[in-house]
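S.K.: Supplied structure: run-v7.pdb, PDB, C-alpha atoms.
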```pdb
MODEL        1
ATOM      1  CA  MET A   1       3.171 -23.731   8.025
ATOM      2  CA  THR A   2       3.478 -21.463   5.022
ATOM      3  CA  GLU A   3       0.287 -19.740   3.966
ATOM      4  CA  THR A   4      -0.798 -18.447   0.585
ATOM      5  CA  SER A   5      -2.073 -14.955  -0.173
ATOM      6  CA  ILE A   6      -5.452 -16.282  -1.295
ATOM      7  CA  LYS A   7      -8.281 -14.462   0.525
ATOM      8  CA  LYS A   8      -6.087 -11.410   1.238
ATOM      9  CA  ARG A   9      -8.187  -8.246   0.880
ATOM     10  CA  CYS A  10      -7.435  -4.558   0.409
ATOM     11  CA  TYR A  11      -9.461  -1.616   1.755
ATOM     12  CA  ILE A  12      -9.098   2.127   1.257
ATOM     13  CA  SER A  13     -10.053   5.157   3.315
ATOM     14  CA  LEU A  14      -9.946   8.558   1.629
ATOM     15  CA  THR A  15      -9.136  10.007   5.051
ATOM     16  CA  LYS A  16      -5.781   9.487   6.720
ATOM     17  CA  PRO A  17      -5.774   8.556  10.413
ATOM     18  CA  ALA A  18      -5.448  11.253  13.074
ATOM     19  CA  THR A  19      -2.610   9.204  14.587
ATOM     20  CA  ASN A  20      -0.414   6.506  13.085
ATOM     21  CA  THR A  21      -1.693   3.898  15.573
ATOM     22  CA  ILE A  22      -4.214   1.066  15.580
ATOM     23  CA  ALA A  23      -6.698   3.410  17.304
ATOM     24  CA  GLY A  24      -6.194   5.996  14.547
ATOM     25  CA  TYR A  25      -6.807   3.442  11.805
ATOM     26  CA  THR A  26      -9.807   1.766  13.442
ATOM     27  CA  ALA A  27     -11.556   5.155  13.618
ATOM     28  CA  LEU A  28     -11.615   5.363   9.797
ATOM     29  CA  THR A  29     -14.377   4.361   7.390
ATOM     30  CA  TRP A  30     -13.176   1.723   4.911
ATOM     31  CA  SER A  31     -14.250   0.722   1.385
ATOM     32  CA  LYS A  32     -13.210  -2.660   0.022
ATOM     33  CA  ILE A  33     -11.364  -2.493  -3.297
ATOM     34  CA  GLY A  34     -13.168  -5.204  -5.225
ATOM     35  CA  GLY A  35     -11.539  -7.580  -7.683
ATOM     36  CA  VAL A  36      -7.963  -7.226  -6.419
ATOM     37  CA  VAL A  37      -5.622  -9.423  -8.459
ATOM     38  CA  THR A  38      -2.202  -8.547  -7.005
ATOM     39  CA  ILE A  39      -0.817  -6.448  -4.157
ATOM     40  CA  GLY A  40       2.780  -5.445  -4.844
ATOM     41  CA  GLN A  41       5.539  -4.954  -2.307
ATOM     42  CA  ILE A  42       4.973  -1.877  -0.150
ATOM     43  CA  GLY A  43       7.676  -0.661   2.195
ATOM     44  CA  PHE A  44      10.717   1.564   2.521
ATOM     45  CA  ASN A  45      14.190   1.835   1.034
ATOM     46  CA  HIS A  46      17.056   3.459   2.871
ATOM     47  CA  ALA A  47      19.644   5.757   1.368
ATOM     48  CA  THR A  48      23.218   4.884   2.246
ATOM     49  CA  ILE A  49      25.899   7.191   3.535
ATOM     50  CA  GLU A  50      29.533   6.346   2.924
ATOM     51  CA  ALA A  51      31.938   7.345   5.712
ATOM     52  CA  PRO A  52      35.581   6.805   4.694
ATOM     53  CA  ASP A  53      38.304   6.401   7.303
ATOM     54  CA  LEU A  54      41.763   7.481   6.198
ATOM     55  CA  GLU A  55      43.539   5.575   8.975
ATOM     56  CA  THR A  56      41.976   2.161   8.287
ATOM     57  CA  GLY A  57      41.339   2.620   4.586
ATOM     58  CA  ILE A  58      37.854   1.241   5.085
ATOM     59  CA  THR A  59      34.700   3.022   4.073
ATOM     60  CA  GLN A  60      31.809   2.252   6.370
ATOM     61  CA  THR A  61      28.275   2.247   5.014
ATOM     62  CA  LEU A  62      25.695   3.864   7.256
ATOM     63  CA  LYS A  63      21.928   3.747   7.007
ATOM     64  CA  GLY A  64      20.524   7.080   5.874
ATOM     65  CA  ALA A  65      17.051   8.490   5.439
ATOM     66  CA  ARG A  66      14.331   6.221   4.162
ATOM     67  CA  SER A  67      11.668   6.812   1.583
ATOM     68  CA  GLY A  68       8.542   4.928   0.642
ATOM     69  CA  THR A  69       8.751   2.309  -2.086
ATOM     70  CA  GLY A  70       5.806   2.289  -4.440
ATOM     71  CA  GLY A  71       3.917  -0.983  -4.696
ATOM     72  CA  GLN A  72       1.499  -1.642  -7.523
ATOM     73  CA  ILE A  73      -1.972  -2.975  -6.872
ATOM     74  CA  ALA A  74      -3.961  -4.442  -9.752
ATOM     75  CA  PHE A  75      -7.683  -5.092  -9.877
ATOM     76  CA  ARG A  76     -10.188  -6.381 -12.400
ATOM     77  CA  GLN A  77     -12.925  -3.950 -13.325
ATOM     78  CA  ILE A  78     -16.138  -4.187 -11.311
ATOM     79  CA  THR A  79     -18.796  -1.653 -12.318
ATOM     80  CA  ALA A  80     -19.861   0.691  -9.495
ATOM     81  CA  ASP A  81     -17.352  -0.752  -6.990
ATOM     82  CA  ALA A  82     -16.993   1.795  -4.150
ATOM     83  CA  GLY A  83     -13.350   0.897  -3.477
ATOM     84  CA  GLN A  84     -12.348   1.251  -7.123
ATOM     85  CA  THR A  85     -14.151   4.601  -7.250
ATOM     86  CA  ALA A  86     -12.237   5.713  -4.134
ATOM     87  CA  VAL A  87      -8.940   4.707  -5.797
ATOM     88  CA  ALA A  88      -9.822   6.850  -8.841
ATOM     89  CA  THR A  89     -10.710   9.775  -6.545
ATOM     90  CA  ALA A  90      -7.427   9.415  -4.637
ATOM     91  CA  ASN A  91      -5.484   9.234  -7.896
ATOM     92  CA  GLU A  92      -6.854  12.624  -8.954
ATOM     93  CA  GLY A  93      -6.267  14.243  -5.558
ATOM     94  CA  GLU A  94      -3.183  15.454  -3.755
ATOM     95  CA  THR A  95      -4.044  14.170  -0.282
ATOM     96  CA  GLU A  96      -2.848  11.155   1.653
ATOM     97  CA  VAL A  97      -5.088   8.120   2.030
ATOM     98  CA  ALA A  98      -5.003   4.991   4.175
ATOM     99  CA  LEU A  99      -4.845   1.373   3.039
ATOM    100  CA  GLN A 100      -5.670  -1.698   5.079
ATOM    101  CA  ILE A 101      -4.380  -5.012   3.763
ATOM    102  CA  VAL A 102      -6.140  -7.832   5.590
ATOM    103  CA  ASP A 103      -4.431 -11.192   6.157
ATOM    104  CA  PRO A 104      -6.095 -14.257   4.572
ATOM    105  CA  ASP A 105      -7.499 -15.416   7.913
ATOM    106  CA  GLY A 106      -8.965 -11.951   8.625
ATOM    107  CA  THR A 107      -7.330 -11.673  12.050
ATOM    108  CA  ASN A 108      -4.623  -9.048  11.416
ATOM    109  CA  SER A 109      -3.949  -6.262   8.949
ATOM    110  CA  ASP A 110      -1.141  -4.078   7.695
ATOM    111  CA  TYR A 111      -2.164  -0.413   7.856
ATOM    112  CA  TRP A 112      -0.451   2.179   5.667
ATOM    113  CA  THR A 113      -0.797   5.913   5.006
ATOM    114  CA  GLY A 114       0.520   7.435   1.796
ATOM    115  CA  ILE A 115      -0.408   8.519  -1.709
ATOM    116  CA  ILE A 116      -1.997   6.864  -4.713
ATOM    117  CA  HIS A 117      -0.803   7.757  -8.182
ATOM    118  CA  SER A 118      -0.474   6.417 -11.731
ATOM    119  CA  LEU A 119      -3.843   4.703 -12.069
ATOM    120  CA  VAL A 120      -3.750   3.144 -15.546
ATOM    121  CA  ASP A 121      -6.040   0.767 -17.401
ATOM    122  CA  ASN A 122      -4.712  -2.601 -18.517
ATOM    123  CA  GLU A 123      -3.618  -3.097 -22.076
ATOM    124  CA  ALA A 124      -6.395  -4.326 -24.346
ATOM    125  CA  SER A 125      -5.455  -7.655 -25.923
ATOM    126  CA  THR A 126      -6.621 -11.238 -26.314
ATOM    127  CA  THR A 127      -4.791 -12.242 -23.127
ATOM    128  CA  THR A 128      -5.754  -9.487 -20.682
ATOM    129  CA  TYR A 129      -8.761  -8.682 -18.542
ATOM    130  CA  GLU A 130     -10.559  -5.348 -18.124
ATOM    131  CA  GLY A 131      -8.988  -3.728 -15.119
ATOM    132  CA  SER A 132      -6.447  -1.246 -13.819
ATOM    133  CA  THR A 133      -3.260  -0.891 -11.813
ATOM    134  CA  PHE A 134      -2.274   1.890  -9.423
ATOM    135  CA  THR A 135       0.782   2.668  -7.344
ATOM    136  CA  PHE A 136       0.681   3.237  -3.602
ATOM    137  CA  VAL A 137       3.658   4.909  -1.880
ATOM    138  CA  PRO A 138       3.755   4.927   1.937
ATOM    139  CA  ASN A 139       4.735   8.103   3.764
ATOM    140  CA  TYR A 140       4.644   6.603   7.274
ATOM    141  CA  ALA A 141       5.778   3.350   8.848
ATOM    142  CA  ARG A 142       3.509   0.335   8.610
ATOM    143  CA  VAL A 143       1.244  -0.357  11.575
ATOM    144  CA  ARG A 144       0.472  -4.036  12.118
ATOM    145  CA  GLY A 145      -2.422  -5.101  14.290
ATOM    146  CA  ALA A 146      -5.897  -6.488  14.637
ATOM    147  CA  SER A 147      -8.051  -6.260  11.538
ATOM    148  CA  ASP A 148     -10.754  -3.577  11.548
ATOM    149  CA  ILE A 149     -12.885  -5.523   9.072
ATOM    150  CA  THR A 150     -15.456  -8.063  10.202
TER     151      THR A 150
ENDMDL
END
```
Please re-express this file's structure in structure tokens.
M.R.:
Amino acid sequence: MTETSIKKRCYISLTKPATNTIAGYTALTWSKIGGVVTIGQIGFNHATIEAPDLETGITQTLKGARSGTGGQIAFRQITADAGQTAVATANEGETEVALQIVDPDGTNSDYWTGIIHSLVDNEASTTTYEGSTFTFVPNYARVRGASDIT
């Protein structure tokens, strides 16, 4: 059965894990980012390497190095929200942070380590809400496992 993303939650730790494992992530202290509206696609893109072959006349495409793809996360403004404050702190800093994106049923999570940048407020208009959007770029592979949030 296909599930929706409703009830998905996002948490931040201003400390990156000591190891890129479930044990490393579960040792962190997490703050829920309140009022999350959307969680964009987070992952990796690979460069391609072209290797021509004179004999066959065919150029093979090989998978090259990968780099993190920035996903945008939007939230509505909630005064004094600890998670939103942590996002603003991370945006101003130069250090890596950890994100935990919890599945709707709360059983499993995707854990990421990377950077936060480009925190911007929403446009003010008659059709928008007070809130912000930031970009998260992973620097390490995703770790999938049991949720650390009860």
S.K.: Could you list as a VMD selection string every residue that has an atom within 12 Å of (3.7, 9.3, 14.3), using the file's coordinates and counting only C-alpha atoms?
M.R.: chain A and resid 17 to 22 24 112 to 113 139 to 143
S.K.: What's the separation between CA of Val36 (chain A) and CA of Glu94 (chain A), in Å to one decimal place?
M.R.: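 Spanning CA of Val36 (chain A) to CA of Glu94 (chain A) is a straight-line distance of 23.3 Å.
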S.K.: Would you translate the PyMOL selection byres ((chain A and resi 136) around 12) into the concrete set of residues it matches in this file, as a ChimeraX atom specification?
M.R.: /A:10,12,39-44,68-74,87,90-91,96-100,112-119,133-135,137-139
S.K.: Just the selected residues (C-alpha atoms), exported as a PDB file, in the frame of the given file, please.
M.R.:
```pdb
ATOM      1  CA  CYS A  10      -7.435  -4.558   0.409  1.00  0.00           C
ATOM      2  CA  ILE A  12      -9.098   2.127   1.257  1.00  0.00           C
ATOM      3  CA  ILE A  39      -0.817  -6.448  -4.157  1.00  0.00           C
ATOM      4  CA  GLY A  40       2.780  -5.445  -4.844  1.00  0.00           C
ATOM      5  CA  GLN A  41       5.539  -4.954  -2.307  1.00  0.00           C
ATOM      6  CA  ILE A  42       4.973  -1.877  -0.150  1.00  0.00           C
ATOM      7  CA  GLY A  43       7.676  -0.661   2.195  1.00  0.00           C
ATOM      8  CA  PHE A  44      10.717   1.564   2.521  1.00  0.00           C
ATOM      9  CA  GLY A  68       8.542   4.928   0.642  1.00  0.00           C
ATOM     10  CA  THR A  69       8.751   2.309  -2.086  1.00  0.00           C
ATOM     11  CA  GLY A  70       5.806   2.289  -4.440  1.00  0.00           C
ATOM     12  CA  GLY A  71       3.917  -0.983  -4.696  1.00  0.00           C
ATOM     13  CA  GLN A  72       1.499  -1.642  -7.523  1.00  0.00           C
ATOM     14  CA  ILE A  73      -1.972  -2.975  -6.872  1.00  0.00           C
ATOM     15  CA  ALA A  74      -3.961  -4.442  -9.752  1.00  0.00           C
ATOM     16  CA  VAL A  87      -8.940   4.707  -5.797  1.00  0.00           C
ATOM     17  CA  ALA A  90      -7.427   9.415  -4.637  1.00  0.00           C
ATOM     18  CA  ASN A  91      -5.484   9.234  -7.896  1.00  0.00           C
ATOM     19  CA  GLU A  96      -2.848  11.155   1.653  1.00  0.00           C
ATOM     20  CA  VAL A  97      -5.088   8.120   2.030  1.00  0.00           C
ATOM     21  CA  ALA A  98      -5.003   4.991   4.175  1.00  0.00           C
ATOM     22  CA  LEU A  99      -4.845   1.373   3.039  1.00  0.00           C
ATOM     23  CA  GLN A 100      -5.670  -1.698   5.079  1.00  0.00           C
ATOM     24  CA  TRP A 112      -0.451   2.179   5.667  1.00  0.00           C
ATOM     25  CA  THR A 113      -0.797   5.913   5.006  1.00  0.00           C
ATOM     26  CA  GLY A 114       0.520   7.435   1.796  1.00  0.00           C
ATOM     27  CA  ILE A 115      -0.408   8.519  -1.709  1.00  0.00           C
ATOM     28  CA  ILE A 116      -1.997   6.864  -4.713  1.00  0.00           C
ATOM     29  CA  HIS A 117      -0.803   7.757  -8.182  1.00  0.00           C
ATOM     30  CA  SER A 118      -0.474   6.417 -11.731  1.00  0.00           C
ATOM     31  CA  LEU A 119      -3.843   4.703 -12.069  1.00  0.00           C
ATOM     32  CA  THR A 133      -3.260  -0.891 -11.813  1.00  0.00           C
ATOM     33  CA  PHE A 134      -2.274   1.890  -9.423  1.00  0.00           C
ATOM     34  CA  THR A 135       0.782   2.668  -7.344  1.00  0.00           C
ATOM     35  CA  VAL A 137       3.658   4.909  -1.880  1.00  0.00           C
ATOM     36  CA  PRO A 138       3.755   4.927   1.937  1.00  0.00           C
ATOM     37  CA  ASN A 139       4.735   8.103   3.764  1.00  0.00           C
TER      38      ASN A 139
END
```
S.K.: Could you check how far CA of Glu3 (chain A) sits from CA of Arg76 (chain A), in Å to one decimal?
M.R.: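 CA of Glu3 (chain A) sits 23.6 Å away from CA of Arg76 (chain A).
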S.K.: Would you pick out the contacts of Thr79 (chain A) at 12 Å or less, using all atoms listed in the file, so that residues sharing its chain but fewer than 3 positions from it are not included, and give the list as a list in words?
M.R.: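 Contacts, in chain order: Ile33, Gly34, Gly35, Phe75, Arg76, Ala82, Gly83, Gln84, Thr85, Glu130 and Gly131 of chain A.
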S.K.: What is the distance, in Å and to one decimal place, between CA of Leu62 (chain A) and CA of Ile49 (chain A)?
M.R.: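 Value for the CA of Leu62 (chain A)-CA of Ile49 (chain A) distance: 5.0 Å.
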S.K.: Kindly indicate which residue among A:Gly145, A:Gln77, A:Asn108, A:Ala86 lies nearest to Asn122 (chain A), using all atoms listed in the file for the distances.
M.R.: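 Looking at the shortest contact to Asn122 (chain A), the residue is A:Gln77.
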S.K.: Please tabulate, as CSV, the residues of region 73-148 of chain A that come within 12 Å of region 4-7 of chain A, each with its closest pair of atoms and the distance in Å to one decimal, counting only C-alpha atoms and ordering rows by chain, then residue number upward.
M.R.:
```
residue,atom,partner,partner_atom,distance
A:Ile101,CA,A:Lys7,CA,10.7
A:Val102,CA,A:Lys7,CA,8.6
A:Asp103,CA,A:Lys7,CA,7.6
A:Pro104,CA,A:Lys7,CA,4.6
A:Asp105,CA,A:Lys7,CA,7.5
A:Gly106,CA,A:Lys7,CA,8.5
A:Thr107,CA,A:Lys7,CA,11.9
```
